[in-house]
Every structure is written in structure tokens, then in C-alpha cells.
Amino acid sequence: MTKSVLEACAARGHEQVVFFNYPDVGLKAIVAIHDTTLGPALGGCRMSLYQNDEHALDDVMRLSEGMTYKSALAGLPLGGGKSIIIADPNIVEGREALLQKFGECLNALSGRYITAEDMGTSVRDIMAIRAKSKYVVGTDPAKGGTGDPSPWTAQGLFVAMRAAVEHTSSGERSLKGKRIAVQGIGHVGMYLVELLAKEGAIVTVADTHEVLLKRAASEFNAAVVAPDAIYDVPCDIFSPCAIGQTVNASTLKRLKCSIIAGAANNQLSDRSVYETIKSKKILYCPDFVVNSGGVISVCAELAEGGPNIAWVKERVDAIYHTTVKVLDESKRQDRFTEEVAIDLAKERIVVAKMGRKQ
Ligand code: NAD
């Protein structure tokens with residue numbers, strides 16, 4: 001990103017980007033608030049090291065924009081935001097003090113941004129932030145919170161896969177016998193593999209953690225390949241559940257799938273891959289459409305009287321219908337699925353803005 005911060009805000013439509021720097025506790029953080037038309041900006045707090053600050057800023061801006069579309073399409077009363085703490089996610093010493101300081105930083109935003117768990121952070125970290133700020137969700141279930149959102153993300157992705165299979169195979173929505181290649185079997189990926197195994201899918205997995213691979217093979221009968229080999233596995237569905245931008249010009253030359261549906265945010269390297277995906281006749285299920293199970297679950301924590309699990313289940317299962325709508329509209333308009341999904345999300349925001357003016 002060679003643009004200035006304000007130019008980047010103008011290009012993506014961000015309302016606010018805030019930088020925090022407290023070297024005495026090692027806290028260097030960015031909070032990006034993309035859009036608060038539908039409600040407070042909610043999105044996870046990622047802890048990660050970056051090549052440079054420019055990459056960090058680009059990441060948080062892209063992710064927060066995606067959160068706006070994700071919550072809008074999931075029908076939630078939330079806007080889009082995201083935060084990153086630029087630090088080694090494995091740090092132990094001083095971790096609590098750093099996170100508590102981050103909690104104080106959130107208070108300065110007066111609830112315009114609400115944080116949650118993300119890559120590099122855990123429920124335990126969330127509780128450290130919670131010690132200083134109420135603007136946190138996904139807190140400890142033992143204390144009335146919704147905890148780890150990953151099982152819900154996996155469930156939403158699973159029903160979205162059914163919608164995609166139904167779309168490509170005239171009515172048959174079962175995943176039984178479908179070959180599914182899962183890249184990354186961490187929090188979401190492992191729950192997904194479990195659901196797929198129960199359904200009778202033929203699963204291949206890749207990860208960089210040996211322990212996770214052994215578990216997927218022994219408990220769920222998954223075939224294991226080396227991390228880079230996952231792009232060469234012939235399959236019905238390629239499911240990126242690890243990191244962003246793994247669907248790019250180079251991997252698209254290798255992918256042998258008819259559907260891409262995964263949990264990872266920002267799976268596509270950029271918009272230039274739209275045409276390649278279309279020309280390869282791959283059905284791409286936009287990440288922010290299919291991975292909203294997590295934000296739905298943590299949103300429930302904001303309800304008066306605490307989380308209502310039946311509401312969460314109903315909303316997560318409705319990801320199936322949202323996916324059907326996006327795929328059908330994309331076919332009808334002959335436009336790429338992600339463009340159509342962004343337009344549907346923006347429509348909800350525009351309607352809300354118009355309602356306010358009346
Ligand atoms: P995680 O960190 O628990 O799991 C990611 C896994 O990917 C890890 O096991 C890691 O070893 C593996 N991995 C990393 N690089 C890899 C590579 N090159 N090849 C293969 N495996 C690799 O994260 P998670 O919570 O499971 O989330 C996965 C993705 O889904 C992330 O992009 C996250 O932002 C997104 N997401 C998660 C949730 C959620 O509820 N946790 C919700 C929405 C989106």
C-alpha cells in the first residue's frame with residue numbers, strides 16, 4: 001500500500017483508523033473501524049508480526065472492511081472493525097500487561113469498536129482485555145460468555161458447502177463421498193474435518209503442525225499431505241482454513257477443484273484473480289459470506305440477558321440460505337460471486353442509512 005492513511009481510508013471507506021503505541025508494555029496496535037452504520041464495529045484482535053508497518057495497516061484495513069460485509073450479510077446489528085497487535089503471538093512474559101493496556105485503549109474508543117478472539121489470541125487473552133474493558137466479546141463461557149467461536153464458524157462453513165454442492169450438482173446437497181481438501185486444521189479446520197467425516201466426505205488435510213495432522217488422521221480418517229501439496233490434490237472442494245491470500249495467480253494454476261469454500265479471511269490475493277477463477281469454472285464462495293458463524297456467536301453475547309444459543313444456531317444455519325442467494329444472484333447477473341456479495345451487503349447499509357434520514 002503506497003497510499004497515505006487518509007487516501008487508503010477514502011479508497012476503502014473507513015471511518016476511523018487509530019494507532020496505539022505504549023513501548024513500556026510492548027504494545028503497538030492498530031484499530032480500524034470501517035463502517036458503523038448498522039452498529040458498533042466488531043471484529044477480532046489479531047496478534048502477529050508483520051514484514052513492516054505498511055503490511056500491518058493493509059491487513060487491518062482489508063480485514064475490517066470484510067467484517068462490515070460479513071455482519072451486514074449475516075443480518076447482525078453490527079458494523080465492521082478489526083484490530084491488530086503487532087507482536088510475537090507466542091510471547092508469554094508481559095503478555096497480560098500488554099493486553100490489559102490494549103483494553104484501556106479500547107475504552108478510549110467508547111464502544112465504537114468491540115474486540116474478540118482472532119489469530120494469535122485466545123479466550124484467555126480476551127479475559128485479560130476484559131479485565132480493563134467491557135468492549136470485548138467471546139469471553140469465558142464459565143463467566144457467561146460465548147467462548148471460542150470456531151465451532152460455529154465451522155458449522156456455518158459446513159452448511160455453505162452444502163449450498164455450493166447443491167448449486168453445482170442440480171439439487172444434491174449432501175457432502176457424502178465429496179472429496180474435500182482442507183488447508184489448515186487449527187480451531188476452525190479441525191471442527192470442520194469432524195463435521196465432514198460424520199457426513200461421509202473424503203477428506204485430505206494439510207497443516208504445519210504434526211500433532212494436528214496425527215489427530216485428523218487417527219480420529220477422522222483424513223489423508224495427510226505436505227503443506228504445499230494441498231494445491232495439487234484433485235478435489236470437489238478446496239477449503240482454505242489457514243491464512244489469507246492462498247488463492248492467487250500461482251496457486252490457481254495448480255488447484256483442481258470445482259468449488260472454493262473456506263474459513264480464512266481474505267482468501268483471494270486481489271481482484272485480479274476473479275477472471276481466472278471464472279475461466280477455470282470454479283465456484284468461489286466468498287469468505288465473508290461463509291465464515292460468519294463466529295461473529296454470529298460472539299454477537300449473541302451483546303444481547304440483554306446473555307447469549308441465546310438457539311438464536312445462534314438458527315442464524316448460523318441461515319448461512320446456507322445466504323450462500324444460495326449469493327450464488328443464484330451471481331449466476332443470474334453473470335457476475336463474480338464476491339462482487340455480488342459485496343453489493344448485497346452494501347444494499348443493507350444503504351437502506352439503513354436511508355431509514356435514518358426519514
Ligand atoms: P488457527 O490459527 O487456529 O488455525 C490455522 C491453522 O492453519 C493452524 O493450525 C496453522 O498451523 C495452519 N497453517 C498456517 N499456515 C499454513 C499453511 N501454509 N499451510 C497449512 N496450514 C497452515 O486459526 P482458526 O481460528 O482456525 O482460523 C482459521 C482461519 O479462519 C483464519 O484465517 C481466521 O482469520 C479465519 N476465521 C476464523 C474464525 C474463527 O471463528 N476462529 C472466524 C472467521 C474467520
# chains A, B, ... in the order shown; residues from 1 in each chain; ligands from 1
$ residues_near_ligand --ligand "ligand 1" --cutoff "6 Å" --atoms "only C-alpha atoms and all ligand atoms" --output "PyMOL selection string"
chain A and resi 119+149-150+153+183-189+206-209+227+241-244+263-265+291+294
$ residues_around --residues "Glu54 of chain A" --least-positions-apart "4" --cutoff "12 Å" --atoms "only C-alpha atoms" --output "VMD selection string"
chain A and resid 1 to 5 8 30 49 to 50 58 to 61 86
$ closest_residue --among "A:Glu15, A:Glu329, A:Asp317, A:Asp118" --to "Asp35 of chain A" --atoms "only C-alpha atoms"
A:Glu15
$ closest_residue --among "A:Leu213, A:Leu42, A:Val247, A:Val25" --to "Gly94 of chain A" --atoms "only C-alpha atoms"
A:Val25
$ closest_atom_pairs --of "segment 22-71 of chain A" --to "segment 296-305 of chain A" --cutoff "10 Å" --atoms "only C-alpha atoms" --output "Markdown table"
| residue | atom | partner | partner_atom | distance |
| --- | --- | --- | --- | --- |
| A:Leu42 | CA | A:Cys299 | CA | 8.5 |
| A:Gly43 | CA | A:Val298 | CA | 9.7 |
| A:Lys70 | CA | A:Ile296 | CA | 9.6 |
| A:Ser71 | CA | A:Ile296 | CA | 7.9 |
$ write_last_selection --atoms "N, CA, C and O atoms" --output "short mmCIF file (atom, residue, chain, number, x, y, z; two decimals), in the first residue's frame"
data_model
loop_
_atom_site.label_atom_id
_atom_site.label_comp_id
_atom_site.auth_asym_id
_atom_site.auth_seq_id
_atom_site.Cartn_x
_atom_site.Cartn_y
_atom_site.Cartn_z
N LEU A 42 -17.49 -4.48 15.06
CA LEU A 42 -16.99 -5.64 15.81
C LEU A 42 -16.07 -6.47 14.93
O LEU A 42 -16.36 -6.70 13.75
N GLY A 43 -14.97 -6.92 15.49
CA GLY A 43 -14.05 -7.79 14.75
C GLY A 43 -12.91 -8.18 15.68
O GLY A 43 -12.61 -7.47 16.63
N LYS A 70 -19.44 -8.93 6.20
CA LYS A 70 -19.79 -10.19 6.88
C LYS A 70 -21.01 -9.98 7.80
O LYS A 70 -21.99 -10.71 7.72
N SER A 71 -20.93 -8.97 8.65
CA SER A 71 -22.03 -8.75 9.60
C SER A 71 -23.29 -8.28 8.90
O SER A 71 -24.40 -8.65 9.30
#
$ residues_around --residues "segment 122-127 of chain A" --least-positions-apart "4" --cutoff "9 Å" --atoms "only C-alpha atoms" --output "list of chain:residue names"
A:Cys45, A:Arg95, A:Glu96, A:Leu99, A:Thr115, A:Ala116, A:Glu117, A:Asp118, A:Ala131, A:Val136, A:Val137, A:Gly138, A:Thr139, A:Asp140, A:Gly147, A:Asp148
$ atom_distance --atom1 "atom CA of Lys313 of chain A" --atom2 "atom CA of Leu196 of chain A"
18.1 Å
$ select_by_dssp --residues "segment 99-299 of chain A" --states "strand (DSSP E)" --output "JSON, numbers by chain"
{"A": [113, 114, 179, 180, 181, 182, 183, 202, 203, 204, 205, 206, 223, 224, 237, 238, 239, 240, 259, 260, 283, 284]}
$ write_last_selection --atoms "C-alpha atoms" --output "PDB file, in the first residue's frame"
ATOM      1  CA  TYR A 113     -15.144  -0.836  18.334  1.00  0.00           C
ATOM      2  CA  ILE A 114     -15.717  -4.171  20.124  1.00  0.00           C
ATOM      3  CA  ARG A 179     -13.521 -35.002  -1.897  1.00  0.00           C
ATOM      4  CA  ILE A 180     -12.608 -32.056   0.286  1.00  0.00           C
ATOM      5  CA  ALA A 181      -9.090 -30.650   0.730  1.00  0.00           C
ATOM      6  CA  VAL A 182      -8.753 -28.633   3.934  1.00  0.00           C
ATOM      7  CA  GLN A 183      -5.780 -26.273   4.228  1.00  0.00           C
ATOM      8  CA  ILE A 202     -13.405 -37.934   1.733  1.00  0.00           C
ATOM      9  CA  VAL A 203     -11.081 -35.512   3.468  1.00  0.00           C
ATOM     10  CA  THR A 204      -7.456 -34.564   2.795  1.00  0.00           C
ATOM     11  CA  VAL A 205      -5.707 -32.179   5.168  1.00  0.00           C
ATOM     12  CA  ALA A 206      -2.534 -30.126   5.352  1.00  0.00           C
ATOM     13  CA  ALA A 223      -5.474 -38.320   4.362  1.00  0.00           C
ATOM     14  CA  VAL A 224      -2.477 -36.091   5.037  1.00  0.00           C
ATOM     15  CA  ILE A 237     -13.944 -28.501  -2.673  1.00  0.00           C
ATOM     16  CA  PHE A 238     -10.737 -26.705  -1.766  1.00  0.00           C
ATOM     17  CA  SER A 239     -11.198 -25.223   1.710  1.00  0.00           C
ATOM     18  CA  PRO A 240      -8.643 -22.593   2.809  1.00  0.00           C
ATOM     19  CA  ILE A 259     -15.617 -25.174  -5.514  1.00  0.00           C
ATOM     20  CA  ILE A 260     -13.581 -22.974  -3.156  1.00  0.00           C
ATOM     21  CA  LEU A 283     -17.430 -21.678  -7.925  1.00  0.00           C
ATOM     22  CA  TYR A 284     -15.958 -19.309  -5.342  1.00  0.00           C
TER      23      TYR A 284
END
$ closest_residue --among "A:Val17, A:Leu268, A:Ala310, A:Cys257" --to "Lys280 of chain A" --atoms "only C-alpha atoms"
A:Cys257
$ residues_around --residues "segment 338-355 of chain A" --least-positions-apart "2" --cutoff "6 Å" --atoms "only C-alpha atoms" --output "list in words"
Tyr69, Ala72, Leu73, Pro286, Val326, Ser330, Phe336, Lys357 and Gln358 of chain A
$ atom_distance --atom1 "atom CA of Ala97 of chain A" --atom2 "atom CA of Gly26 of chain A"
9.0 Å
$ atom_distance --atom1 "atom CA of Thr36 of chain A" --atom2 "atom CA of Phe19 of chain A"
18.6 Å
$ closest_residue --among "A:Gly66, A:Ser174, A:Gln51, A:Cys105" --to "Phe20 of chain A" --atoms "only C-alpha atoms"
A:Cys105
$ select_by_dssp --residues "segment 125-319 of chain A" --states "helix (DSSP H, G or I)" --output "MDAnalysis selection string"
chainID A and resid 125:130 141:143 150:168 187:199 210:220 227:232 249:252 273:279 287:290 293:302 309:317 319
$ closest_residue --among "A:Ala160, A:Val193, A:Ile91, A:Ala41" --to "Ser110 of chain A" --atoms "only C-alpha atoms"
A:Ala41
